[in-house]
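Pasted below: coords.txt, compact mmCIF, N, CA and C atoms.
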```
# COMPACT_ATOMS: atom_id res chain seq x y z
N MET A 228 161.41 -47.41 138.92
CA MET A 228 162.63 -46.63 138.82
C MET A 228 162.75 -45.99 137.44
N ASP A 229 162.32 -46.68 136.39
CA ASP A 229 162.42 -46.17 135.03
C ASP A 229 161.63 -44.87 134.87
N LYS A 230 160.43 -44.81 135.47
CA LYS A 230 159.62 -43.59 135.39
C LYS A 230 160.32 -42.44 136.09
N LEU A 231 160.93 -42.72 137.21
CA LEU A 231 161.63 -41.69 137.96
C LEU A 231 162.77 -41.10 137.13
N CYS A 232 163.50 -41.94 136.44
CA CYS A 232 164.60 -41.47 135.59
C CYS A 232 164.07 -40.63 134.43
N LYS A 233 162.94 -41.01 133.88
CA LYS A 233 162.34 -40.23 132.78
C LYS A 233 161.86 -38.87 133.28
N ILE A 234 161.31 -38.84 134.48
CA ILE A 234 160.89 -37.56 135.07
C ILE A 234 162.12 -36.67 135.28
N ARG A 235 163.20 -37.26 135.76
CA ARG A 235 164.45 -36.51 135.94
C ARG A 235 164.91 -35.91 134.61
N ASP A 236 164.89 -36.72 133.56
CA ASP A 236 165.31 -36.25 132.24
C ASP A 236 164.40 -35.13 131.74
N LEU A 237 163.12 -35.26 131.98
CA LEU A 237 162.16 -34.24 131.57
C LEU A 237 162.40 -32.94 132.33
N ARG A 238 162.64 -33.05 133.62
CA ARG A 238 162.91 -31.85 134.43
C ARG A 238 164.18 -31.15 133.95
N GLN A 239 165.22 -31.91 133.63
CA GLN A 239 166.45 -31.32 133.11
C GLN A 239 166.18 -30.63 131.77
N ALA A 240 165.38 -31.24 130.93
CA ALA A 240 165.06 -30.65 129.63
C ALA A 240 164.31 -29.33 129.80
N VAL A 241 163.37 -29.28 130.73
CA VAL A 241 162.63 -28.04 130.99
C VAL A 241 163.59 -26.97 131.51
N THR A 242 164.51 -27.35 132.38
CA THR A 242 165.49 -26.40 132.93
C THR A 242 166.35 -25.82 131.81
N HIS A 243 166.81 -26.65 130.88
CA HIS A 243 167.62 -26.17 129.76
C HIS A 243 166.80 -25.27 128.84
N PHE A 244 165.57 -25.67 128.56
CA PHE A 244 164.70 -24.85 127.72
C PHE A 244 164.44 -23.50 128.38
N GLU A 245 164.17 -23.52 129.69
CA GLU A 245 163.89 -22.27 130.40
C GLU A 245 165.09 -21.33 130.37
N ALA A 246 166.30 -21.85 130.53
CA ALA A 246 167.50 -21.00 130.48
C ALA A 246 167.63 -20.34 129.11
N ASP A 247 167.43 -21.11 128.05
CA ASP A 247 167.48 -20.55 126.69
C ASP A 247 166.37 -19.54 126.47
N PHE A 248 165.18 -19.83 126.97
CA PHE A 248 164.02 -18.94 126.84
C PHE A 248 164.30 -17.61 127.54
N GLU A 249 164.83 -17.68 128.76
CA GLU A 249 165.09 -16.47 129.54
C GLU A 249 166.19 -15.63 128.90
N ARG A 250 167.23 -16.28 128.38
CA ARG A 250 168.29 -15.54 127.69
C ARG A 250 167.76 -14.82 126.46
N ARG A 251 166.90 -15.49 125.73
CA ARG A 251 166.39 -14.92 124.46
C ARG A 251 165.36 -13.82 124.69
N TYR A 252 164.46 -14.00 125.64
CA TYR A 252 163.32 -13.08 125.78
C TYR A 252 163.36 -12.20 127.03
N GLY A 253 164.28 -12.45 127.96
CA GLY A 253 164.40 -11.61 129.13
C GLY A 253 163.31 -11.81 130.18
N ILE A 254 162.56 -12.89 130.05
CA ILE A 254 161.55 -13.22 131.06
C ILE A 254 161.68 -14.70 131.37
N SER A 255 161.24 -15.08 132.56
CA SER A 255 161.30 -16.49 132.93
C SER A 255 160.18 -17.26 132.23
N LEU A 256 160.31 -18.55 132.21
CA LEU A 256 159.27 -19.40 131.63
C LEU A 256 157.95 -19.21 132.37
N ASN A 257 158.00 -19.09 133.70
CA ASN A 257 156.78 -18.86 134.48
C ASN A 257 156.15 -17.51 134.12
N GLU A 258 156.97 -16.48 133.90
CA GLU A 258 156.43 -15.19 133.48
C GLU A 258 155.77 -15.31 132.10
N GLY A 259 156.39 -16.06 131.22
CA GLY A 259 155.81 -16.29 129.90
C GLY A 259 154.47 -17.01 129.99
N MET A 260 154.41 -18.03 130.85
CA MET A 260 153.15 -18.76 131.02
C MET A 260 152.09 -17.89 131.68
N LEU A 261 152.52 -16.98 132.56
CA LEU A 261 151.60 -16.01 133.17
C LEU A 261 151.00 -15.13 132.08
N LEU A 262 151.83 -14.63 131.18
CA LEU A 262 151.33 -13.79 130.09
C LEU A 262 150.39 -14.59 129.18
N CYS A 263 150.71 -15.84 128.92
CA CYS A 263 149.82 -16.70 128.12
C CYS A 263 148.46 -16.82 128.80
N SER A 264 148.46 -16.92 130.11
CA SER A 264 147.22 -17.07 130.86
C SER A 264 146.36 -15.82 130.80
N LEU A 265 147.00 -14.66 130.64
CA LEU A 265 146.27 -13.39 130.66
C LEU A 265 146.02 -12.79 129.28
N LYS A 266 146.64 -13.34 128.24
CA LYS A 266 146.60 -12.68 126.93
C LYS A 266 145.23 -12.65 126.27
N GLU A 267 144.32 -13.50 126.67
CA GLU A 267 143.00 -13.52 126.06
C GLU A 267 142.11 -12.39 126.58
N GLY A 268 142.64 -11.60 127.49
CA GLY A 268 141.87 -10.48 128.02
C GLY A 268 141.24 -10.83 129.35
N GLY A 269 140.66 -9.84 129.96
CA GLY A 269 140.07 -10.05 131.26
C GLY A 269 141.11 -10.03 132.34
N SER A 270 140.67 -10.23 133.54
CA SER A 270 141.55 -10.21 134.71
C SER A 270 141.36 -11.50 135.49
N LEU A 271 142.45 -11.97 136.08
CA LEU A 271 142.41 -13.18 136.89
C LEU A 271 142.97 -12.88 138.27
N SER A 272 142.45 -13.57 139.26
CA SER A 272 142.96 -13.43 140.63
C SER A 272 144.25 -14.23 140.77
N SER A 273 144.97 -13.96 141.84
CA SER A 273 146.21 -14.72 142.07
C SER A 273 145.90 -16.20 142.28
N GLY A 274 144.77 -16.50 142.90
CA GLY A 274 144.38 -17.90 143.09
C GLY A 274 144.13 -18.60 141.77
N GLU A 275 143.46 -17.91 140.86
CA GLU A 275 143.21 -18.48 139.53
C GLU A 275 144.53 -18.69 138.79
N LEU A 276 145.43 -17.73 138.92
CA LEU A 276 146.74 -17.86 138.26
C LEU A 276 147.54 -19.01 138.85
N CYS A 277 147.45 -19.20 140.17
CA CYS A 277 148.12 -20.35 140.82
C CYS A 277 147.68 -21.65 140.15
N GLY A 278 146.38 -21.79 139.98
CA GLY A 278 145.85 -23.00 139.37
C GLY A 278 146.30 -23.19 137.94
N LEU A 279 146.27 -22.13 137.16
CA LEU A 279 146.67 -22.23 135.75
C LEU A 279 148.16 -22.51 135.58
N LEU A 280 148.96 -21.94 136.47
CA LEU A 280 150.41 -22.09 136.36
C LEU A 280 150.94 -23.31 137.10
N GLY A 281 150.13 -23.88 137.98
CA GLY A 281 150.58 -25.03 138.76
C GLY A 281 151.64 -24.64 139.78
N LEU A 282 151.50 -23.43 140.35
CA LEU A 282 152.46 -22.94 141.33
C LEU A 282 151.81 -22.83 142.70
N THR A 283 152.64 -22.86 143.73
CA THR A 283 152.15 -22.59 145.07
C THR A 283 151.83 -21.10 145.16
N PRO A 284 150.99 -20.69 146.11
CA PRO A 284 150.72 -19.25 146.25
C PRO A 284 151.99 -18.42 146.44
N SER A 285 152.95 -18.92 147.17
CA SER A 285 154.20 -18.19 147.40
C SER A 285 154.97 -17.99 146.09
N ASN A 286 155.11 -19.07 145.32
CA ASN A 286 155.83 -18.97 144.04
C ASN A 286 155.07 -18.11 143.04
N ALA A 287 153.75 -18.25 143.01
CA ALA A 287 152.95 -17.43 142.10
C ALA A 287 153.10 -15.96 142.45
N SER A 288 153.14 -15.64 143.73
CA SER A 288 153.32 -14.27 144.17
C SER A 288 154.64 -13.69 143.67
N LYS A 289 155.69 -14.49 143.70
CA LYS A 289 157.00 -14.04 143.21
C LYS A 289 156.98 -13.80 141.70
N VAL A 290 156.32 -14.68 140.95
CA VAL A 290 156.22 -14.53 139.50
C VAL A 290 155.39 -13.29 139.16
N ILE A 291 154.29 -13.12 139.86
CA ILE A 291 153.42 -11.95 139.64
C ILE A 291 154.19 -10.66 139.94
N ALA A 292 154.92 -10.63 141.06
CA ALA A 292 155.69 -9.44 141.43
C ALA A 292 156.75 -9.12 140.38
N ALA A 293 157.44 -10.14 139.88
CA ALA A 293 158.47 -9.92 138.86
C ALA A 293 157.84 -9.37 137.57
N ALA A 294 156.70 -9.92 137.17
CA ALA A 294 156.03 -9.44 135.96
C ALA A 294 155.52 -8.01 136.15
N GLU A 295 155.08 -7.68 137.36
CA GLU A 295 154.65 -6.30 137.65
C GLU A 295 155.83 -5.34 137.55
N ARG A 296 156.98 -5.72 138.11
CA ARG A 296 158.16 -4.85 138.06
C ARG A 296 158.58 -4.58 136.62
N LYS A 297 158.39 -5.56 135.76
CA LYS A 297 158.73 -5.42 134.33
C LYS A 297 157.61 -4.74 133.54
N GLU A 298 156.54 -4.37 134.25
CA GLU A 298 155.37 -3.71 133.65
C GLU A 298 154.70 -4.55 132.57
N LEU A 299 154.70 -5.87 132.79
CA LEU A 299 154.06 -6.80 131.86
C LEU A 299 152.60 -7.04 132.24
N ILE A 300 152.30 -6.86 133.53
CA ILE A 300 150.94 -7.02 134.03
C ILE A 300 150.64 -5.86 134.98
N ALA A 301 149.35 -5.65 135.24
CA ALA A 301 148.93 -4.59 136.16
C ALA A 301 147.90 -5.15 137.12
N ARG A 302 147.88 -4.59 138.32
CA ARG A 302 146.88 -4.95 139.33
C ARG A 302 145.60 -4.19 139.04
N VAL A 303 144.49 -4.87 139.25
CA VAL A 303 143.18 -4.25 139.07
C VAL A 303 142.35 -4.58 140.30
N LEU A 304 141.77 -3.56 140.92
CA LEU A 304 140.90 -3.80 142.08
C LEU A 304 139.60 -4.45 141.63
N GLY A 305 139.09 -5.33 142.47
CA GLY A 305 137.80 -5.96 142.17
C GLY A 305 136.70 -4.90 142.10
N GLU A 306 135.79 -5.05 141.16
CA GLU A 306 134.72 -4.07 141.00
C GLU A 306 133.72 -4.12 142.15
N ARG A 307 133.33 -5.32 142.54
CA ARG A 307 132.35 -5.46 143.62
C ARG A 307 132.99 -5.47 145.00
N ASP A 308 134.17 -6.03 145.08
CA ASP A 308 134.87 -6.14 146.37
C ASP A 308 136.26 -5.54 146.19
N LYS A 309 136.46 -4.35 146.67
CA LYS A 309 137.72 -3.63 146.50
C LYS A 309 138.89 -4.29 147.24
N ARG A 310 138.59 -5.26 148.10
CA ARG A 310 139.67 -5.99 148.79
C ARG A 310 140.28 -7.05 147.89
N ARG A 311 139.57 -7.45 146.84
CA ARG A 311 140.08 -8.49 145.94
C ARG A 311 140.97 -7.86 144.88
N MET A 312 142.04 -8.54 144.56
CA MET A 312 143.00 -8.06 143.59
C MET A 312 143.01 -8.99 142.39
N PHE A 313 143.00 -8.40 141.21
CA PHE A 313 143.07 -9.15 139.97
C PHE A 313 144.24 -8.62 139.15
N PHE A 314 144.63 -9.39 138.16
CA PHE A 314 145.77 -9.01 137.33
C PHE A 314 145.38 -9.09 135.87
N SER A 315 145.88 -8.13 135.10
CA SER A 315 145.61 -8.12 133.66
C SER A 315 146.91 -7.81 132.93
N ILE A 316 146.96 -8.18 131.68
CA ILE A 316 148.16 -7.96 130.86
C ILE A 316 148.17 -6.51 130.39
N THR A 317 149.36 -5.93 130.33
CA THR A 317 149.53 -4.56 129.83
C THR A 317 149.87 -4.60 128.34
N GLU A 318 149.90 -3.44 127.72
CA GLU A 318 150.32 -3.39 126.31
C GLU A 318 151.75 -3.89 126.15
N ARG A 319 152.59 -3.54 127.10
CA ARG A 319 153.98 -4.03 127.06
C ARG A 319 153.99 -5.57 127.15
N GLY A 320 153.16 -6.12 128.03
CA GLY A 320 153.06 -7.57 128.14
C GLY A 320 152.57 -8.21 126.86
N ARG A 321 151.59 -7.58 126.21
CA ARG A 321 151.09 -8.09 124.92
C ARG A 321 152.19 -8.07 123.86
N SER A 322 152.98 -7.01 123.89
CA SER A 322 154.08 -6.91 122.93
C SER A 322 155.11 -8.01 123.16
N VAL A 323 155.45 -8.24 124.43
CA VAL A 323 156.43 -9.28 124.75
C VAL A 323 155.92 -10.66 124.35
N ILE A 324 154.69 -10.99 124.73
CA ILE A 324 154.17 -12.33 124.42
C ILE A 324 153.97 -12.50 122.91
N GLY A 325 153.65 -11.40 122.22
CA GLY A 325 153.49 -11.46 120.78
C GLY A 325 154.80 -11.69 120.03
N GLY A 326 155.92 -11.33 120.67
CA GLY A 326 157.22 -11.50 120.04
C GLY A 326 157.90 -12.82 120.35
N ILE A 327 157.23 -13.67 121.08
CA ILE A 327 157.84 -14.95 121.47
C ILE A 327 157.51 -16.03 120.44
N SER A 328 158.56 -16.69 120.00
CA SER A 328 158.40 -17.85 119.12
C SER A 328 159.30 -18.95 119.67
N CYS A 329 158.70 -19.92 120.30
CA CYS A 329 159.48 -20.99 120.90
C CYS A 329 160.19 -21.84 119.85
N ASP A 330 159.81 -21.67 118.58
CA ASP A 330 160.50 -22.40 117.50
C ASP A 330 161.93 -21.92 117.35
N GLU A 331 162.23 -20.72 117.87
CA GLU A 331 163.58 -20.16 117.77
C GLU A 331 164.52 -20.72 118.83
N ILE A 332 163.98 -21.48 119.76
CA ILE A 332 164.78 -22.03 120.85
C ILE A 332 164.90 -23.55 120.64
N PRO A 333 166.12 -24.08 120.69
CA PRO A 333 166.27 -25.52 120.53
C PRO A 333 165.46 -26.27 121.59
N MET A 334 164.70 -27.23 121.14
CA MET A 334 163.85 -28.01 122.04
C MET A 334 164.59 -29.30 122.41
N PRO A 335 164.89 -29.49 123.69
CA PRO A 335 165.54 -30.74 124.12
C PRO A 335 164.72 -31.97 123.70
N GLU A 336 165.40 -33.03 123.38
CA GLU A 336 164.76 -34.24 122.88
C GLU A 336 163.69 -34.78 123.84
N ALA A 337 163.98 -34.75 125.12
CA ALA A 337 163.01 -35.26 126.10
C ALA A 337 161.71 -34.46 126.05
N LEU A 338 161.81 -33.15 125.83
CA LEU A 338 160.60 -32.33 125.70
C LEU A 338 159.87 -32.62 124.40
N CYS A 339 160.61 -32.79 123.33
CA CYS A 339 159.98 -33.14 122.05
C CYS A 339 159.19 -34.44 122.18
N ASP A 340 159.80 -35.42 122.83
CA ASP A 340 159.13 -36.70 123.03
C ASP A 340 157.86 -36.52 123.87
N ALA A 341 157.98 -35.75 124.96
CA ALA A 341 156.84 -35.56 125.86
C ALA A 341 155.71 -34.79 125.19
N LEU A 342 156.07 -33.85 124.30
CA LEU A 342 155.06 -33.03 123.62
C LEU A 342 154.59 -33.65 122.30
N GLY A 343 155.20 -34.75 121.92
CA GLY A 343 154.81 -35.41 120.67
C GLY A 343 155.24 -34.63 119.45
N LEU A 344 156.38 -33.95 119.54
CA LEU A 344 156.88 -33.15 118.40
C LEU A 344 157.91 -33.90 117.59
```
Starting from the file, lay out its structure as structure tokens.
Amino acid sequence: MDKLCKIRDLRQAVTHFEADFERRYGISLNEGMLLCSLKEGGSLSSGELCGLLGLTPSNASKVIAAAERKELIARVLGERDKRRMFFSITERGRSVIGGISCDEIPMPEALCDALGL
């Protein structure tokens, strides 16, 4: 039971951090993690992004669509197989991710403990 309560506290801490993050930067935490996944360059498939973000295909699709609407990422057709779709970060996305400093957002104690901060 103690572990369950700690997981609950951690989930609440992430929710509070995400609300502050979204207010400050205008993107969701998942969109921010999507940009982190793409910032090193190259293109990733939606399946690869699902794995990196720990999201279901349905949720990843929603995050990808939101980031596309904000022009943070762009779709790229596969070079060898035009049926495959990949995603890459745009200059706007690079600008947004470059302007993020999580130090500016209060970190809930449960997250500090979990991250060893």
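Among the candidate residues A:Ile332, A:Ala337, A:Leu304, A:Ile234, the one lying nearest to A:Leu271 is A:Leu304, with distances computed using only C-alpha atoms.
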Checklist line | atom CA of A:Cys339 to atom N of A:Ala293, straight-line distance in Å | finding: 29.2 Å
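Environment of (152.4, -10.1, 130.8): residues at most 5 Å away, judged by only N, CA and C atoms, are Leu262, Leu299, Ile300, Ile316 and Gly320 of chain A.
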Next item on the list: Would you mind writing down, as a ChimeraX atom specification, each residue of stretch 228-338 of chain A that DSSP on the backbone assigns to strand (DSSP E)?
Entry: /A:271-272,300-304,312-316
Margin query: Here's a test: counting only N, CA and C atoms, identify every protein, DNA and RNA residue with an atom at most 6 Å from (145.9, -17.7, 135.2) in the file's coordinate frame, and state them as a PyMOL selection string.
Written below: chain A and resi 264-265+271+275-277+279-280
Item checked: Residue among A:Ala240, A:Gly343, A:Cys232, A:Glu258 lying closest to A:Val323, counting only C-alpha atoms ->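 Among the listed residues, the smallest separation from A:Val323 belongs to A:Glu258.
What separates atom CA of A:Arg235 from atom N of A:Asp247 is a distance of 17.6 Å.
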Would you list, as an mmCIF file with N, CA and C atoms, keeping the file's coordinate frame, the residues of stretch 242-337 of chain A that end up in alpha helix (DSSP H) under DSSP run on this structure's backbone?
```cif
data_model
loop_
_atom_site.group_PDB
_atom_site.id
_atom_site.type_symbol
_atom_site.label_atom_id
_atom_site.label_comp_id
_atom_site.auth_asym_id
_atom_site.auth_seq_id
_atom_site.Cartn_x
_atom_site.Cartn_y
_atom_site.Cartn_z
ATOM 1 N N THR A 242 164.510 -27.350 132.380
ATOM 2 C CA THR A 242 165.490 -26.400 132.930
ATOM 3 C C THR A 242 166.350 -25.820 131.810
ATOM 4 N N HIS A 243 166.810 -26.650 130.880
ATOM 5 C CA HIS A 243 167.620 -26.170 129.760
ATOM 6 C C HIS A 243 166.800 -25.270 128.840
ATOM 7 N N PHE A 244 165.570 -25.670 128.560
ATOM 8 C CA PHE A 244 164.700 -24.850 127.720
ATOM 9 C C PHE A 244 164.440 -23.500 128.380
ATOM 10 N N GLU A 245 164.170 -23.520 129.690
ATOM 11 C CA GLU A 245 163.890 -22.270 130.400
ATOM 12 C C GLU A 245 165.090 -21.330 130.370
ATOM 13 N N ALA A 246 166.300 -21.850 130.530
ATOM 14 C CA ALA A 246 167.500 -21.000 130.480
ATOM 15 C C ALA A 246 167.630 -20.340 129.110
ATOM 16 N N ASP A 247 167.430 -21.110 128.050
ATOM 17 C CA ASP A 247 167.480 -20.550 126.690
ATOM 18 C C ASP A 247 166.370 -19.540 126.470
ATOM 19 N N PHE A 248 165.180 -19.830 126.970
ATOM 20 C CA PHE A 248 164.020 -18.940 126.840
ATOM 21 C C PHE A 248 164.300 -17.610 127.540
ATOM 22 N N GLU A 249 164.830 -17.680 128.760
ATOM 23 C CA GLU A 249 165.090 -16.470 129.540
ATOM 24 C C GLU A 249 166.190 -15.630 128.900
ATOM 25 N N ARG A 250 167.230 -16.280 128.380
ATOM 26 C CA ARG A 250 168.290 -15.540 127.690
ATOM 27 C C ARG A 250 167.760 -14.820 126.460
ATOM 28 N N ARG A 251 166.900 -15.490 125.730
ATOM 29 C CA ARG A 251 166.390 -14.920 124.460
ATOM 30 C C ARG A 251 165.360 -13.820 124.690
ATOM 31 N N TYR A 252 164.460 -14.000 125.640
ATOM 32 C CA TYR A 252 163.320 -13.080 125.780
ATOM 33 C C TYR A 252 163.360 -12.200 127.030
ATOM 34 N N LEU A 256 160.310 -18.550 132.210
ATOM 35 C CA LEU A 256 159.270 -19.400 131.630
ATOM 36 C C LEU A 256 157.950 -19.210 132.370
ATOM 37 N N ASN A 257 158.000 -19.090 133.700
ATOM 38 C CA ASN A 257 156.780 -18.860 134.480
ATOM 39 C C ASN A 257 156.150 -17.510 134.120
ATOM 40 N N GLU A 258 156.970 -16.480 133.900
ATOM 41 C CA GLU A 258 156.430 -15.190 133.480
ATOM 42 C C GLU A 258 155.770 -15.310 132.100
ATOM 43 N N GLY A 259 156.390 -16.060 131.220
ATOM 44 C CA GLY A 259 155.810 -16.290 129.900
ATOM 45 C C GLY A 259 154.470 -17.010 129.990
ATOM 46 N N MET A 260 154.410 -18.030 130.850
ATOM 47 C CA MET A 260 153.150 -18.760 131.020
ATOM 48 C C MET A 260 152.090 -17.890 131.680
ATOM 49 N N LEU A 261 152.520 -16.980 132.560
ATOM 50 C CA LEU A 261 151.600 -16.010 133.170
ATOM 51 C C LEU A 261 151.000 -15.130 132.080
ATOM 52 N N LEU A 262 151.830 -14.630 131.180
ATOM 53 C CA LEU A 262 151.330 -13.790 130.090
ATOM 54 C C LEU A 262 150.390 -14.590 129.180
ATOM 55 N N CYS A 263 150.710 -15.840 128.920
ATOM 56 C CA CYS A 263 149.820 -16.700 128.120
ATOM 57 C C CYS A 263 148.460 -16.820 128.800
ATOM 58 N N SER A 264 148.460 -16.920 130.110
ATOM 59 C CA SER A 264 147.220 -17.070 130.860
ATOM 60 C C SER A 264 146.360 -15.820 130.800
ATOM 61 N N LEU A 265 147.000 -14.660 130.640
ATOM 62 C CA LEU A 265 146.270 -13.390 130.660
ATOM 63 C C LEU A 265 146.020 -12.790 129.280
ATOM 64 N N SER A 273 144.970 -13.960 141.840
ATOM 65 C CA SER A 273 146.210 -14.720 142.070
ATOM 66 C C SER A 273 145.900 -16.200 142.280
ATOM 67 N N GLY A 274 144.770 -16.500 142.900
ATOM 68 C CA GLY A 274 144.380 -17.900 143.090
ATOM 69 C C GLY A 274 144.130 -18.600 141.770
ATOM 70 N N GLU A 275 143.460 -17.910 140.860
ATOM 71 C CA GLU A 275 143.210 -18.480 139.530
ATOM 72 C C GLU A 275 144.530 -18.690 138.790
ATOM 73 N N LEU A 276 145.430 -17.730 138.920
ATOM 74 C CA LEU A 276 146.740 -17.860 138.260
ATOM 75 C C LEU A 276 147.540 -19.010 138.850
ATOM 76 N N CYS A 277 147.450 -19.200 140.170
ATOM 77 C CA CYS A 277 148.120 -20.350 140.820
ATOM 78 C C CYS A 277 147.680 -21.650 140.150
ATOM 79 N N GLY A 278 146.380 -21.790 139.980
ATOM 80 C CA GLY A 278 145.850 -23.000 139.370
ATOM 81 C C GLY A 278 146.300 -23.190 137.940
ATOM 82 N N LEU A 279 146.270 -22.130 137.160
ATOM 83 C CA LEU A 279 146.670 -22.230 135.750
ATOM 84 C C LEU A 279 148.160 -22.510 135.580
ATOM 85 N N LEU A 280 148.960 -21.940 136.470
ATOM 86 C CA LEU A 280 150.410 -22.090 136.360
ATOM 87 C C LEU A 280 150.940 -23.310 137.100
ATOM 88 N N PRO A 284 150.990 -20.690 146.110
ATOM 89 C CA PRO A 284 150.720 -19.250 146.250
ATOM 90 C C PRO A 284 151.990 -18.420 146.440
ATOM 91 N N SER A 285 152.950 -18.920 147.170
ATOM 92 C CA SER A 285 154.200 -18.190 147.400
ATOM 93 C C SER A 285 154.970 -17.990 146.090
ATOM 94 N N ASN A 286 155.110 -19.070 145.320
ATOM 95 C CA ASN A 286 155.830 -18.970 144.040
ATOM 96 C C ASN A 286 155.070 -18.110 143.040
ATOM 97 N N ALA A 287 153.750 -18.250 143.010
ATOM 98 C CA ALA A 287 152.950 -17.430 142.100
ATOM 99 C C ALA A 287 153.100 -15.960 142.450
ATOM 100 N N SER A 288 153.140 -15.640 143.730
ATOM 101 C CA SER A 288 153.320 -14.270 144.170
ATOM 102 C C SER A 288 154.640 -13.690 143.670
ATOM 103 N N LYS A 289 155.690 -14.490 143.700
ATOM 104 C CA LYS A 289 157.000 -14.040 143.210
ATOM 105 C C LYS A 289 156.980 -13.800 141.700
ATOM 106 N N VAL A 290 156.320 -14.680 140.950
ATOM 107 C CA VAL A 290 156.220 -14.530 139.500
ATOM 108 C C VAL A 290 155.390 -13.290 139.160
ATOM 109 N N ILE A 291 154.290 -13.120 139.860
ATOM 110 C CA ILE A 291 153.420 -11.950 139.640
ATOM 111 C C ILE A 291 154.190 -10.660 139.940
ATOM 112 N N ALA A 292 154.920 -10.630 141.060
ATOM 113 C CA ALA A 292 155.690 -9.440 141.430
ATOM 114 C C ALA A 292 156.750 -9.120 140.380
ATOM 115 N N ALA A 293 157.440 -10.140 139.880
ATOM 116 C CA ALA A 293 158.470 -9.920 138.860
ATOM 117 C C ALA A 293 157.840 -9.370 137.570
ATOM 118 N N ALA A 294 156.700 -9.920 137.170
ATOM 119 C CA ALA A 294 156.030 -9.440 135.960
ATOM 120 C C ALA A 294 155.520 -8.010 136.150
ATOM 121 N N GLU A 295 155.080 -7.680 137.360
ATOM 122 C CA GLU A 295 154.650 -6.300 137.650
ATOM 123 C C GLU A 295 155.830 -5.340 137.550
ATOM 124 N N ARG A 296 156.980 -5.720 138.110
ATOM 125 C CA ARG A 296 158.160 -4.850 138.060
ATOM 126 C C ARG A 296 158.580 -4.580 136.620
ATOM 127 N N GLU A 318 149.900 -3.440 127.720
ATOM 128 C CA GLU A 318 150.320 -3.390 126.310
ATOM 129 C C GLU A 318 151.750 -3.890 126.150
ATOM 130 N N ARG A 319 152.590 -3.540 127.100
ATOM 131 C CA ARG A 319 153.980 -4.030 127.060
ATOM 132 C C ARG A 319 153.990 -5.570 127.150
ATOM 133 N N GLY A 320 153.160 -6.120 128.030
ATOM 134 C CA GLY A 320 153.060 -7.570 128.140
ATOM 135 C C GLY A 320 152.570 -8.210 126.860
ATOM 136 N N ARG A 321 151.590 -7.580 126.210
ATOM 137 C CA ARG A 321 151.090 -8.090 124.920
ATOM 138 C C ARG A 321 152.190 -8.070 123.860
ATOM 139 N N SER A 322 152.980 -7.010 123.890
ATOM 140 C CA SER A 322 154.080 -6.910 122.930
ATOM 141 C C SER A 322 155.110 -8.010 123.160
ATOM 142 N N VAL A 323 155.450 -8.240 124.430
ATOM 143 C CA VAL A 323 156.430 -9.280 124.750
ATOM 144 C C VAL A 323 155.920 -10.660 124.350
ATOM 145 N N ILE A 324 154.690 -10.990 124.730
ATOM 146 C CA ILE A 324 154.170 -12.330 124.420
ATOM 147 C C ILE A 324 153.970 -12.500 122.910
ATOM 148 N N GLY A 325 153.650 -11.400 122.220
ATOM 149 C CA GLY A 325 153.490 -11.460 120.780
ATOM 150 C C GLY A 325 154.800 -11.690 120.030
ATOM 151 N N GLU A 336 165.400 -33.030 123.380
ATOM 152 C CA GLU A 336 164.760 -34.240 122.880
ATOM 153 C C GLU A 336 163.690 -34.780 123.840
ATOM 154 N N ALA A 337 163.980 -34.750 125.120
ATOM 155 C CA ALA A 337 163.010 -35.260 126.100
ATOM 156 C C ALA A 337 161.710 -34.460 126.050
#
```
